[in-house]
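Heads up: the structure comes next, in structure tokens.
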Amino acid sequence: MRIKKNTWLVVGWLLLLLLISFAGDLLSRRKILSEFEDGAGPIMSVYFLAVGQGDATLIRTPAGEDILIDGGPDNTLIKKLNRYLPINDWQIEYLILTHPDADHVNGLVEVAERYDIGTVIMTGVFDQTPAYLRLREIIESENIQQQFIEGPRRLLLAGGVELDFFYPQQRLVDQLIDDANNSSLVGRLIFASTSLMFTGDLEEEEKLLKLGLELESDIYKVGHHGSANANSGEFIRAVNPDYAVISVGLDNRYGHPDYRTLNNLQKIGAKIWRTDQDGDVAIYTDGRQIVHCP
Ligand SMILES: [Zn+2]
């Protein structure tokens, strides 16, 4: 008798939790929709997660696929994923690692252990960062699909979303390079007429300019945490974003973001958000409009 009663109690609590989470989702969805001027179609959600001094961006496409770009310096990421992914969603369809520095890769180990990962996209560059070595071990042992970017590559995802990688332009798999920052994957996420560009911690942005690539993007995940080693006036003018998001730790020892980067963004009139001051930055788009919803 006692077991039966306890079982019912557990089932009751679980149902209540599900109901609360469902009602919460419904309310926040209504609030987001009300921010769009003339109604919205299917929505893509982009969360720039406040993970301290590092980068982690979660994207949920209109088709419900999850893309995670980098994982931040520690397991703060797990709490954030619990907050933004639906309660029963344990699948991350695309895991993108821009480069294997600890502030981008550390948080991904726990994610790869807990979540069902569809495809890992990275350069495969040689690096001894312990979390990177562990991540590659997990990829091998779990037989997770890998795609190494070694030149321009465009992936078409469900629901009209595209991932367009255009850097690096050579194969880096298991190659040692001087500065991991400059091995960063650069690409754009495109949904209808809206786009988000990410450059990891790439400093050699003049190479992108020289290649004559189309860089203009609505949203710019500001390169290298707003460092002045990237983000020259010429580069910022080429990207010309309406919205710029800087992922940076409060009072970090690098002095990121640099005032010159902020100046360059202000000069072109970009709206700037910073994860050290604004916390998680949530942006939504239906492929035409872009709205920010705290
Ligand atoms: Zn970094």
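Within each chain, counting starts at residue 1; across the structure tokens, chains are named A, B, ... in the order shown, with ligands numbered 1 upward in that order.
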Environment of ligand 1 within 6 Å, counting only C-alpha atoms and all ligand atoms, reported as number ranges by chain: A: 54, 103-104, 201, 224
Would you output that residue set with C-alpha atoms, as an mmCIF file, in the first residue's frame?
```cif
data_model
loop_
_atom_site.group_PDB
_atom_site.id
_atom_site.type_symbol
_atom_site.label_atom_id
_atom_site.label_comp_id
_atom_site.auth_asym_id
_atom_site.auth_seq_id
_atom_site.Cartn_x
_atom_site.Cartn_y
_atom_site.Cartn_z
ATOM 1 C CA GLY A 54 34.281 32.824 -22.603
ATOM 2 C CA ASP A 103 37.228 29.490 -22.562
ATOM 3 C CA HIS A 104 35.414 27.964 -25.554
ATOM 4 C CA ASP A 201 38.594 34.687 -31.399
ATOM 5 C CA HIS A 224 37.510 37.796 -29.415
#
```
Which residues of range 70-167 of chain A have any atom within 10 Å of an atom in range 18-37 of chain A when counting only C-alpha atoms, and what is the closest pair of atoms for each, with the distance in Å to one decimal? Order the rows by chain and rising number and write it as a tab-separated table.
```
residue	atom	partner	partner_atom	distance
A:Tyr84	CA	A:Asp25	CA	9.8
A:Pro86	CA	A:Asp25	CA	8.6
A:Ile87	CA	A:Ser21	CA	7.7
A:Asn88	CA	A:Leu18	CA	9.6
```
Take the selection from the previous step and output its residues with C-alpha atoms, as an mmCIF file, in the first residue's frame.
```cif
data_model
loop_
_atom_site.group_PDB
_atom_site.id
_atom_site.type_symbol
_atom_site.label_atom_id
_atom_site.label_comp_id
_atom_site.auth_asym_id
_atom_site.auth_seq_id
_atom_site.Cartn_x
_atom_site.Cartn_y
_atom_site.Cartn_z
ATOM 1 C CA TYR A 84 16.596 27.340 -22.345
ATOM 2 C CA PRO A 86 12.670 22.178 -23.335
ATOM 3 C CA ILE A 87 12.525 19.859 -20.328
ATOM 4 C CA ASN A 88 12.500 16.675 -22.433
#
```
Given only C-alpha atoms as the counted atoms, nearest of A:Met44, A:Leu58, A:Asp127, A:Leu81 to Tyr94 in chain A: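 Ranked by minimum distance to Tyr94 in chain A, first place goes to A:Leu58.
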Non-local contacts of Leu196 in chain A (6 Å; only C-alpha atoms; under 5 positions in same chain excluded) as a PyMOL selection string: chain A and resi 188-189+217+219-220
For the residues in that selection, give me N, CA and C atoms as a PDB file, in the first residue's frame.
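The file below, part03.pdb, is the result:
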```pdb
ATOM      1  N   ARG A 188      28.408  32.180 -40.806  1.00  0.00           N
ATOM      2  CA  ARG A 188      27.164  32.914 -40.597  1.00  0.00           C
ATOM      3  C   ARG A 188      26.003  31.944 -40.506  1.00  0.00           C
ATOM      4  N   LEU A 189      25.105  32.263 -39.622  1.00  0.00           N
ATOM      5  CA  LEU A 189      23.858  31.522 -39.531  1.00  0.00           C
ATOM      6  C   LEU A 189      22.816  32.393 -40.220  1.00  0.00           C
ATOM      7  N   SER A 217      26.236  41.566 -41.875  1.00  0.00           N
ATOM      8  CA  SER A 217      25.351  40.701 -41.075  1.00  0.00           C
ATOM      9  C   SER A 217      24.516  41.547 -40.126  1.00  0.00           C
ATOM     10  N   ILE A 219      23.360  40.606 -37.118  1.00  0.00           N
ATOM     11  CA  ILE A 219      23.825  40.422 -35.738  1.00  0.00           C
ATOM     12  C   ILE A 219      25.285  39.987 -35.806  1.00  0.00           C
ATOM     13  N   TYR A 220      26.118  40.577 -34.983  1.00  0.00           N
ATOM     14  CA  TYR A 220      27.546  40.219 -34.960  1.00  0.00           C
ATOM     15  C   TYR A 220      27.899  39.767 -33.549  1.00  0.00           C
TER      16      TYR A 220
END
```
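Shortest separation to Ala158 in chain A among A:Leu208, A:Val105, A:Ile190, A:Leu95 occurs at residue A:Ile190, atoms counted being only C-alpha atoms.
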Exercise: Val222 in chain A partners within 9 Å, only C-alpha atoms, chain neighbours under 6 positions left out, as an MDAnalysis selection string: chainID A and resid 197:201 230:231 244:247 261
Using 12 Å as the limit and counting only C-alpha atoms, can you tabulate each residue of range 37-77 of chain A that touches range 130-150 of chain A, with its shortest atom-to-atom distance in Å and the two atoms involved, as a tab-separated table?
```
residue	atom	partner	partner_atom	distance
A:Asp70	CA	A:Tyr132	CA	11.4
A:Gly71	CA	A:Ala131	CA	10.7
A:Gly72	CA	A:Ala131	CA	11.3
A:Pro73	CA	A:Ala131	CA	9.8
A:Asp74	CA	A:Ala131	CA	10.0
A:Asn75	CA	A:Ala131	CA	11.8
```
Residue set, range 167-278 of chain A restricted to strand (DSSP E), as a count of residues only: 23
For Gly287 in chain A: contacts at 7 Å, only C-alpha atoms, fewer than 4 positions along chain excluded, given as a list in words: Phe191, Ala192, Ser193 and Thr194 of chain A
Keeping only N, CA and C atoms, write those residues as a tab-separated table (two decimals), in the first residue's frame.
```tsv
chain	number	residue	atom	x	y	z
A	191	PHE	N	18.86	32.87	-41.59
A	191	PHE	CA	17.46	32.45	-41.59
A	191	PHE	C	16.68	33.49	-42.40
A	192	ALA	N	16.19	33.09	-43.57
A	192	ALA	CA	15.52	33.99	-44.51
A	192	ALA	C	16.38	35.23	-44.71
A	193	SER	N	15.88	36.44	-44.40
A	193	SER	CA	16.71	37.61	-44.69
A	193	SER	C	17.48	38.11	-43.47
A	194	THR	N	17.61	37.27	-42.44
A	194	THR	CA	18.39	37.70	-41.27
A	194	THR	C	19.64	36.83	-41.12
```
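The smallest atom-to-atom distance between Thr61 in chain A and any of A:Leu202, A:Val111, A:Leu211, A:Leu85, using only C-alpha atoms, is found for A:Leu85.
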Asp164 in chain A surroundings by only C-alpha atoms, 9 Å radius, close-in-sequence under 3 positions cut, as a ChimeraX atom specification: /A:152-156,186-190
Quick one: write out the picked residues with N, CA and C atoms as a PDB file, in the first residue's frame?
```pdb
ATOM      1  N   PRO A 152      35.270  26.800 -47.732  1.00  0.00           N
ATOM      2  CA  PRO A 152      33.877  27.250 -47.695  1.00  0.00           C
ATOM      3  C   PRO A 152      32.914  26.059 -47.708  1.00  0.00           C
ATOM      4  N   ARG A 153      31.920  26.129 -46.864  1.00  0.00           N
ATOM      5  CA  ARG A 153      30.971  25.015 -46.760  1.00  0.00           C
ATOM      6  C   ARG A 153      29.623  25.549 -46.282  1.00  0.00           C
ATOM      7  N   ARG A 154      28.579  25.136 -46.967  1.00  0.00           N
ATOM      8  CA  ARG A 154      27.248  25.598 -46.581  1.00  0.00           C
ATOM      9  C   ARG A 154      26.387  24.397 -46.223  1.00  0.00           C
ATOM     10  N   LEU A 155      25.806  24.426 -45.017  1.00  0.00           N
ATOM     11  CA  LEU A 155      24.928  23.339 -44.594  1.00  0.00           C
ATOM     12  C   LEU A 155      23.493  23.845 -44.572  1.00  0.00           C
ATOM     13  N   LEU A 156      22.619  23.108 -45.207  1.00  0.00           N
ATOM     14  CA  LEU A 156      21.199  23.477 -45.193  1.00  0.00           C
ATOM     15  C   LEU A 156      20.519  22.688 -44.090  1.00  0.00           C
ATOM     16  N   VAL A 186      34.931  30.702 -38.832  1.00  0.00           N
ATOM     17  CA  VAL A 186      34.126  31.900 -39.051  1.00  0.00           C
ATOM     18  C   VAL A 186      32.965  31.505 -39.948  1.00  0.00           C
ATOM     19  N   GLY A 187      31.793  31.947 -39.566  1.00  0.00           N
ATOM     20  CA  GLY A 187      30.645  31.602 -40.393  1.00  0.00           C
ATOM     21  C   GLY A 187      29.448  32.453 -40.076  1.00  0.00           C
ATOM     22  N   ARG A 188      28.408  32.180 -40.806  1.00  0.00           N
ATOM     23  CA  ARG A 188      27.164  32.914 -40.597  1.00  0.00           C
ATOM     24  C   ARG A 188      26.003  31.944 -40.506  1.00  0.00           C
ATOM     25  N   LEU A 189      25.105  32.263 -39.622  1.00  0.00           N
ATOM     26  CA  LEU A 189      23.858  31.522 -39.531  1.00  0.00           C
ATOM     27  C   LEU A 189      22.816  32.393 -40.220  1.00  0.00           C
ATOM     28  N   ILE A 190      22.146  31.817 -41.193  1.00  0.00           N
ATOM     29  CA  ILE A 190      21.215  32.615 -41.991  1.00  0.00           C
ATOM     30  C   ILE A 190      19.817  32.024 -41.878  1.00  0.00           C
TER      31      ILE A 190
END
```
Expected answer as a PyMOL selection string: alpha helix (DSSP H) residues in range 2-67 of chain A: chain A and resi 2-35
Pairwise distance for CA of Leu172 in chain A and CA of Glu65 in chain A, rounded to one decimal in Å: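 CA of Glu65 in chain A lies at a distance of 27.6 Å from CA of Leu172 in chain A.
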Nearest-residue call for Phe166 in chain A, choices A:Pro257, A:Gly249, A:Gly151, A:Gly233, using only C-alpha atoms: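 Checking each of A:Pro257, A:Gly249, A:Gly151, A:Gly233 against Phe166 in chain A, counting only C-alpha atoms, the winner is A:Gly151.
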